[in-house]
$ cat my_file.cif   # mmCIF, C-alpha atoms and all ligand atoms
data_upload
loop_
_atom_site.label_atom_id
_atom_site.label_comp_id
_atom_site.auth_asym_id
_atom_site.auth_seq_id
_atom_site.Cartn_x
_atom_site.Cartn_y
_atom_site.Cartn_z
CA MET A 194 2.54 11.62 6.39
CA SER A 195 1.42 10.57 2.92
CA GLU A 196 2.35 11.76 -0.54
CA PHE A 197 0.12 11.36 -3.56
CA VAL A 198 0.84 10.96 -7.24
CA HIS A 199 -2.10 11.06 -9.66
CA VAL A 200 -2.12 9.03 -12.83
CA ASP A 201 -4.38 10.79 -15.33
CA LEU A 202 -5.33 8.77 -18.37
CA LYS A 203 -7.88 9.29 -21.12
CA THR A 204 -10.02 6.40 -19.87
CA CYS A 205 -9.57 6.66 -16.10
CA ASN A 206 -7.44 8.16 -13.37
CA TYR A 207 -6.18 6.94 -10.04
CA THR A 208 -4.07 7.86 -7.07
CA ILE A 209 -0.82 6.34 -5.84
CA HIS A 210 -0.73 6.77 -2.05
CA ILE A 211 2.87 6.81 -0.80
CA GLY A 212 3.79 6.73 2.87
CA SER A 213 4.80 4.67 5.87
CA GLY A 214 2.30 2.45 7.72
CA LEU A 215 -0.41 2.66 5.04
CA LEU A 216 -1.20 -1.05 5.17
CA HIS A 217 -2.85 -0.59 8.58
CA LYS A 218 -5.23 1.91 7.01
CA ALA A 219 -5.69 0.10 3.68
CA GLY A 220 -9.41 -0.61 4.13
CA GLU A 221 -10.22 3.01 4.97
CA LEU A 222 -7.99 4.39 2.19
CA LEU A 223 -9.31 2.07 -0.48
CA LEU A 224 -13.01 2.17 0.43
CA PRO A 225 -13.76 5.21 -1.80
CA VAL A 226 -12.61 3.40 -4.95
CA LEU A 227 -14.32 0.06 -4.28
CA ALA A 228 -17.36 -0.85 -6.38
CA SER A 229 -18.76 -2.97 -3.52
CA ARG A 230 -17.72 -4.18 -0.07
CA ARG A 231 -16.46 -7.49 -1.44
CA VAL A 232 -12.79 -8.02 -2.27
CA VAL A 233 -10.49 -10.94 -3.06
CA VAL A 234 -6.86 -10.58 -1.99
CA ILE A 235 -4.26 -12.41 -4.08
CA SER A 236 -0.81 -12.85 -2.58
CA ASP A 237 2.11 -15.27 -2.42
CA GLU A 238 3.13 -17.51 0.47
CA ILE A 239 6.04 -15.32 1.62
CA VAL A 240 4.23 -11.97 1.44
CA ALA A 241 1.07 -13.47 2.95
CA SER A 242 3.03 -14.72 5.97
CA LEU A 243 4.36 -11.17 6.51
CA TYR A 244 1.52 -8.83 5.58
CA LEU A 245 -1.78 -10.59 4.91
CA THR A 246 -3.00 -10.38 8.52
CA GLN A 247 -2.28 -6.62 8.63
CA LEU A 248 -4.23 -6.10 5.43
CA GLN A 249 -7.10 -8.34 6.58
CA ASN A 250 -7.35 -6.46 9.89
CA SER A 251 -7.66 -3.17 8.07
CA LEU A 252 -10.31 -4.62 5.72
CA ASP A 253 -12.22 -5.85 8.78
CA LEU A 254 -12.02 -2.40 10.36
CA ALA A 255 -13.49 -0.87 7.21
CA GLY A 256 -16.36 -3.40 7.23
CA LEU A 257 -15.25 -5.18 4.05
CA SER A 258 -15.77 -8.84 3.30
CA TYR A 259 -12.78 -10.62 1.80
CA SER A 260 -11.54 -13.95 0.48
CA THR A 261 -7.91 -14.78 -0.15
CA ILE A 262 -5.90 -16.68 -2.75
CA VAL A 263 -2.31 -17.51 -1.86
CA ILE A 264 0.04 -18.90 -4.50
CA PRO A 265 3.69 -20.02 -4.56
CA PRO A 266 6.24 -17.18 -4.78
CA GLY A 267 8.55 -16.56 -7.73
CA GLU A 268 8.52 -15.78 -11.44
CA GLY A 269 7.47 -19.39 -12.15
CA SER A 270 3.96 -18.44 -10.96
CA LYS A 271 3.49 -16.12 -13.94
CA SER A 272 2.32 -19.12 -15.96
CA LEU A 273 -0.82 -20.21 -17.77
CA GLU A 274 -1.17 -23.10 -15.29
CA GLN A 275 -1.09 -20.78 -12.25
CA LEU A 276 -3.43 -18.32 -13.96
CA THR A 277 -5.96 -21.13 -14.52
CA LEU A 278 -5.77 -22.10 -10.84
CA VAL A 279 -6.27 -18.48 -9.73
CA LEU A 280 -9.23 -18.00 -12.10
CA ASP A 281 -10.82 -21.22 -10.81
CA GLN A 282 -10.46 -20.04 -7.22
CA LEU A 283 -11.85 -16.60 -8.08
CA LEU A 284 -14.91 -18.14 -9.75
CA ASN A 285 -15.37 -20.58 -6.84
CA TYR A 286 -15.71 -17.54 -4.60
CA LYS A 287 -18.87 -16.56 -6.54
CA ILE A 288 -17.50 -13.17 -7.45
CA ASP A 289 -19.47 -10.60 -9.43
CA ARG A 290 -18.31 -7.68 -11.59
CA ASN A 291 -18.18 -5.39 -8.55
CA THR A 292 -15.78 -7.64 -6.65
CA THR A 293 -12.38 -5.94 -6.43
CA VAL A 294 -9.17 -7.94 -6.72
CA ILE A 295 -6.38 -6.68 -4.46
CA ALA A 296 -2.86 -7.70 -5.50
CA LEU A 297 -0.68 -7.89 -2.38
CA GLY A 298 2.88 -8.64 -3.44
CA GLY A 299 5.70 -7.89 -5.83
CA GLY A 300 5.70 -7.71 -9.61
CA VAL A 301 4.75 -11.36 -10.10
CA ILE A 302 1.60 -11.04 -8.00
CA GLY A 303 0.69 -7.65 -9.49
CA ASP A 304 1.06 -8.95 -13.06
CA LEU A 305 -0.75 -12.24 -12.46
CA ALA A 306 -3.55 -10.90 -10.24
CA GLY A 307 -4.01 -7.92 -12.56
CA PHE A 308 -4.34 -10.19 -15.58
CA ALA A 309 -6.75 -12.50 -13.75
CA ALA A 310 -8.79 -9.40 -12.86
CA ALA A 311 -8.68 -8.25 -16.48
CA ILE A 312 -10.21 -11.46 -17.84
CA ALA A 313 -12.41 -12.89 -15.05
CA LEU A 314 -16.05 -12.08 -15.89
CA ARG A 315 -14.59 -9.88 -18.69
CA GLY A 316 -12.99 -7.53 -16.20
CA LEU A 317 -12.98 -6.89 -12.47
CA PRO A 318 -11.77 -3.75 -10.71
CA PHE A 319 -8.37 -4.20 -9.10
CA ILE A 320 -6.00 -2.48 -6.71
CA GLN A 321 -2.26 -2.79 -6.36
CA VAL A 322 -0.61 -3.10 -2.94
CA PRO A 323 3.03 -3.57 -3.96
CA THR A 324 5.52 -5.09 -1.49
CA THR A 325 8.84 -4.87 -3.34
CA LEU A 326 10.71 -1.72 -4.33
CA LEU A 327 10.48 -2.72 -7.97
CA ALA A 328 6.71 -3.07 -7.75
CA LEU A 329 6.40 0.17 -5.76
CA VAL A 330 8.14 2.25 -8.42
CA ASP A 331 7.34 0.41 -11.61
CA SER A 332 5.20 -2.67 -12.11
CA SER A 333 2.23 -1.58 -9.95
CA ILE A 334 1.75 1.58 -12.04
CA GLY A 335 0.54 1.86 -15.60
CA GLY A 336 -1.74 -1.14 -16.02
CA LYS A 337 0.57 -3.69 -17.64
CA THR A 338 -0.58 -7.14 -16.54
CA GLY A 339 0.29 -10.58 -17.82
CA ILE A 340 2.15 -13.85 -17.64
CA ASN A 341 5.17 -15.40 -19.33
CA SER A 342 5.10 -17.91 -22.18
CA TRP A 343 7.81 -20.13 -23.63
CA HIS A 344 7.88 -17.48 -26.36
CA GLY A 345 9.19 -14.98 -23.82
CA LYS A 346 8.49 -12.78 -20.83
CA ASN A 347 5.08 -11.06 -20.52
CA MET A 348 3.99 -12.39 -23.91
CA ILE A 349 0.40 -12.97 -22.78
CA GLY A 350 -1.39 -10.10 -21.08
CA SER A 351 -3.45 -6.97 -21.27
CA PHE A 352 -3.55 -3.36 -20.18
CA HIS A 353 -5.79 -3.19 -17.12
CA GLN A 354 -5.36 -0.12 -14.93
CA PRO A 355 -5.67 -0.37 -11.15
CA ARG A 356 -8.18 1.81 -9.31
CA ALA A 357 -5.53 2.78 -6.76
CA VAL A 358 -1.99 1.92 -5.72
CA LEU A 359 -1.06 1.74 -2.05
CA ALA A 360 2.70 2.23 -1.77
CA ASP A 361 3.62 1.56 1.86
CA VAL A 362 7.39 1.92 2.38
CA SER A 363 7.17 -0.01 5.68
CA VAL A 364 7.06 -3.22 3.65
CA LEU A 365 10.62 -2.53 2.52
CA ASP A 366 11.86 -3.24 6.07
CA THR A 367 11.63 -6.98 5.40
CA LEU A 368 12.90 -6.86 1.82
CA PRO A 369 16.37 -8.40 1.28
CA LEU A 370 19.06 -5.97 0.06
CA ARG A 371 19.30 -7.84 -3.23
CA HIS A 372 15.63 -7.08 -3.96
CA LEU A 373 16.06 -3.45 -2.87
CA ARG A 374 18.90 -3.09 -5.35
CA SER A 375 16.78 -4.69 -8.02
CA GLY A 376 14.09 -2.02 -7.52
CA TYR A 377 16.70 0.70 -7.30
CA ALA A 378 17.74 -0.17 -10.85
CA GLU A 379 14.32 1.01 -12.06
CA MET A 380 14.76 4.31 -10.17
CA VAL A 381 18.05 4.84 -11.96
CA LYS A 382 16.18 4.18 -15.20
CA TYR A 383 13.72 7.03 -14.52
CA SER A 384 16.54 9.38 -13.73
CA ALA A 385 18.33 8.42 -16.95
CA ILE A 386 15.34 8.73 -19.28
CA ALA A 387 13.38 11.58 -17.73
CA ASN A 388 14.99 13.44 -14.87
CA PRO A 389 18.74 14.24 -14.76
CA ALA A 390 18.32 16.14 -11.46
CA PHE A 391 16.95 12.91 -9.96
CA PHE A 392 20.11 11.13 -11.16
CA SER A 393 22.22 13.55 -9.09
CA TRP A 394 19.79 13.22 -6.16
CA LEU A 395 20.15 9.42 -6.28
CA GLU A 396 23.94 9.75 -6.29
CA GLN A 397 23.60 11.61 -2.97
CA HIS A 398 20.75 9.65 -1.40
CA GLY A 399 21.00 6.18 -2.97
CA THR A 400 22.58 4.65 0.13
CA ALA A 401 19.81 6.04 2.35
CA VAL A 402 17.20 4.57 -0.01
CA LEU A 403 18.82 1.14 0.35
CA ASN A 404 19.43 1.53 4.10
CA GLY A 405 15.74 2.01 4.82
CA ASP A 406 15.41 5.71 5.62
CA ASP A 407 11.60 6.10 5.36
CA LYS A 408 11.57 9.78 4.40
CA VAL A 409 14.18 9.36 1.69
CA GLN A 410 12.43 6.24 0.38
CA VAL A 411 9.10 8.10 0.18
CA GLU A 412 10.76 10.90 -1.77
CA ALA A 413 12.58 8.53 -4.15
CA ILE A 414 9.36 6.60 -4.78
CA ARG A 415 7.35 9.80 -5.25
CA VAL A 416 9.73 11.14 -7.91
CA SER A 417 9.90 7.74 -9.64
CA CYS A 418 6.09 7.52 -9.69
CA LEU A 419 5.86 11.06 -11.08
CA CYS A 420 8.20 10.10 -13.94
CA LYS A 421 6.24 6.95 -14.70
CA ALA A 422 2.84 8.64 -14.38
CA ALA A 423 3.85 11.36 -16.86
CA ILE A 424 5.06 8.84 -19.45
CA VAL A 425 2.06 6.52 -19.05
CA SER A 426 -0.37 9.46 -19.23
CA ALA A 427 1.16 10.53 -22.52
CA ASP A 428 1.22 7.03 -24.02
CA GLU A 429 -0.92 4.52 -22.13
CA TYR A 430 -0.68 1.72 -24.71
CA GLU A 431 3.03 2.02 -25.52
CA LEU A 432 2.64 3.29 -29.07
CA GLY A 433 5.54 5.70 -28.66
CA GLN A 434 7.37 7.22 -25.73
CA ARG A 435 6.31 4.58 -23.15
CA ALA A 436 8.86 2.33 -24.85
CA LEU A 437 11.48 4.47 -23.06
CA LEU A 438 10.47 2.62 -19.89
CA ASN A 439 11.84 -0.51 -21.52
CA LEU A 440 15.41 0.81 -21.48
CA GLY A 441 17.71 -2.21 -21.13
CA HIS A 442 14.71 -4.55 -20.99
CA THR A 443 15.29 -6.32 -24.34
CA PHE A 444 18.69 -7.53 -23.11
CA GLY A 445 17.26 -8.02 -19.62
CA HIS A 446 14.36 -10.19 -20.78
CA ALA A 447 16.72 -12.31 -22.89
CA LEU A 448 18.89 -12.90 -19.80
CA GLU A 449 15.83 -13.80 -17.75
CA ALA A 450 14.72 -16.24 -20.45
CA VAL A 451 18.09 -18.04 -20.59
CA THR A 452 18.07 -18.32 -16.79
CA GLU A 453 14.55 -19.76 -17.11
CA PHE A 454 12.85 -16.91 -15.19
CA SER A 455 14.49 -18.22 -12.02
CA ASP A 456 16.01 -16.41 -9.04
CA VAL A 457 19.44 -16.69 -10.68
CA LEU A 458 18.67 -13.16 -11.90
CA LEU A 459 16.04 -10.86 -10.43
CA HIS A 460 14.21 -8.66 -12.93
CA GLY A 461 15.98 -5.48 -11.81
CA GLU A 462 19.36 -7.22 -11.93
CA ALA A 463 18.74 -8.40 -15.49
CA VAL A 464 17.60 -4.91 -16.45
CA ALA A 465 20.64 -3.28 -14.83
CA ILE A 466 22.92 -5.54 -16.89
CA GLY A 467 20.70 -4.64 -19.84
CA TYR A 468 21.38 -0.88 -19.36
CA GLY A 469 25.10 -1.56 -19.58
CA ALA A 470 24.69 -3.70 -22.70
CA CYS A 471 22.43 -1.10 -24.24
CA LEU A 472 24.87 1.75 -23.62
CA ARG A 473 27.71 -0.28 -25.09
CA LEU A 474 25.64 -1.01 -28.17
CA ILE A 475 24.75 2.66 -28.58
CA SER A 476 28.37 3.73 -28.15
CA LYS A 477 29.40 1.32 -30.94
CA THR A 478 26.77 2.48 -33.46
N1 LIG B 501 7.58 -1.49 -16.97
C1 LIG B 501 7.44 -0.81 -18.18
C2 LIG B 501 6.10 -0.21 -18.39
O1 LIG B 501 5.27 -0.20 -17.49
O2 LIG B 501 5.83 0.27 -19.47
#
$ encode --input "my_file.cif" --output "structure tokens" --more "lines below"
Ligand code: GLY
Amino acid sequence: MSEFVHVDLKTCNYTIHIGSGLLHKAGELLLPVLASRRVVVISDEIVASLYLTQLQNSLDLAGLSYSTIVIPPGEGSKSLEQLTLVLDQLLNYKIDRNTTVIALGGGVIGDLAGFAAAIALRGLPFIQVPTTLLALVDSSIGGKTGINSWHGKNMIGSFHQPRAVLADVSVLDTLPLRHLRSGYAEMVKYSAIANPAFFSWLEQHGTAVLNGDDKVQVEAIRVSCLCKAAIVSADEYELGQRALLNLGHTFGHALEAVTEFSDVLLHGEAVAIGYGACLRLISKT
């Protein structure tokens, strides 16, 4: 069983496929949006050890030719140095403008691979296959790509929309609880800024989301994606209401910067602390 959320923008539109076991069918599902049969998969060492073979098998089944780039995991990889290495590898693979980049991983991989796709040969098509809850509900949707700088988080980047997002909840089975909670923080954000009924729903079903109930996870992700798709469709380049998606993020990014973008604080954890700080600030003004 799959659910679909459509992201309709002025310049393009794409589908978020949400379901369980989608990775096995990735090649077949993604074929219609590929510009050619050639793809490059970018992933990190941890995700690659868990899911790269599954993805490759499905690409083989669909008759696609692929190369892979595997980088170290963690926020530290969202750097100019790592971007240069990825671009070099991409160009070594003799890509052309119809080669699609597939980002297989969490927010770090999606942001870095998406940005590499945005600037290699002045722009390659790309697809998001998120593997963390945070990436499933937030960072894989809406086209924000980029890397960090010593000036701050995500200070170098571009808007580059994916051609599709494959949100397979099965990948959450191997995700540590801490990372599930980090993604859950973004769901709470959607409920707070756009959907009070979803807030009540999460109060009832939040434990099932974290405990790995597939059906409940699909529903929570579907509603989160609907909230994000509506906001991004109305304001793709964050000139107005998309800034709502940054609730708590100014505090959160500052906390991530002082902890040197390390695993001391996951993004969702920093943002969750940021919500609290933000609400306190509002209540004092
Ligand atoms: N994660 C915030 C945004 O996509 O705008």
$ residues_near_ligand --input "my_file.cif" --ligand "ligand LIG 501 (chain B)" --cutoff "6 Å" --atoms "all atoms listed in the file" --output "CSV table (one decimal) with C-alpha atoms, in the coordinates of the input"
chain,number,residue,atom,x,y,z
A,331,ASP,CA,7.3,0.4,-11.6
A,332,SER,CA,5.2,-2.7,-12.1
A,335,GLY,CA,0.5,1.9,-15.6
A,337,LYS,CA,0.6,-3.7,-17.6
A,435,ARG,CA,6.3,4.6,-23.2
A,438,LEU,CA,10.5,2.6,-19.9
A,439,ASN,CA,11.8,-0.5,-21.5
$ atom_distance --input "my_file.cif" --atom1 "CA of Leu276 in chain A" --atom2 "CA of Gly376 in chain A"
24.8 Å
$ atom_distance --input "my_file.cif" --atom1 "CA of Ile466 in chain A" --atom2 "CA of Arg371 in chain A"
14.3 Å
$ residues_around --input "my_file.cif" --residues "Ala387 in chain A" --least-positions-apart "4" --cutoff "10 Å" --atoms "all atoms listed in the file" --output "list of chain:residue names"
A:Lys382, A:Tyr383, A:Phe391, A:Phe392, A:Ser417, A:Cys420, A:Lys421, A:Ala423, A:Ile424, A:Leu437, A:Leu438
$ atom_distance --input "my_file.cif" --atom1 "CA of Ala465 in chain A" --atom2 "CA of His446 in chain A"
11.1 Å
$ residues_around --input "my_file.cif" --residues "Thr292 in chain A" --least-positions-apart "6" --cutoff "7 Å" --atoms "all atoms listed in the file" --output "list of chain:residue names"
A:Ala228, A:Ser229, A:Arg231, A:Val232, A:Leu317, A:Pro318
$ residues_near_point --input "my_file.cif" --point "(-0.3, -12.8, -16.5)" --cutoff "8 Å" --atoms "only C-alpha atoms" --output "VMD selection string"
chain A and resid 271 to 273 276 304 to 309 338 to 341 347 349 to 350
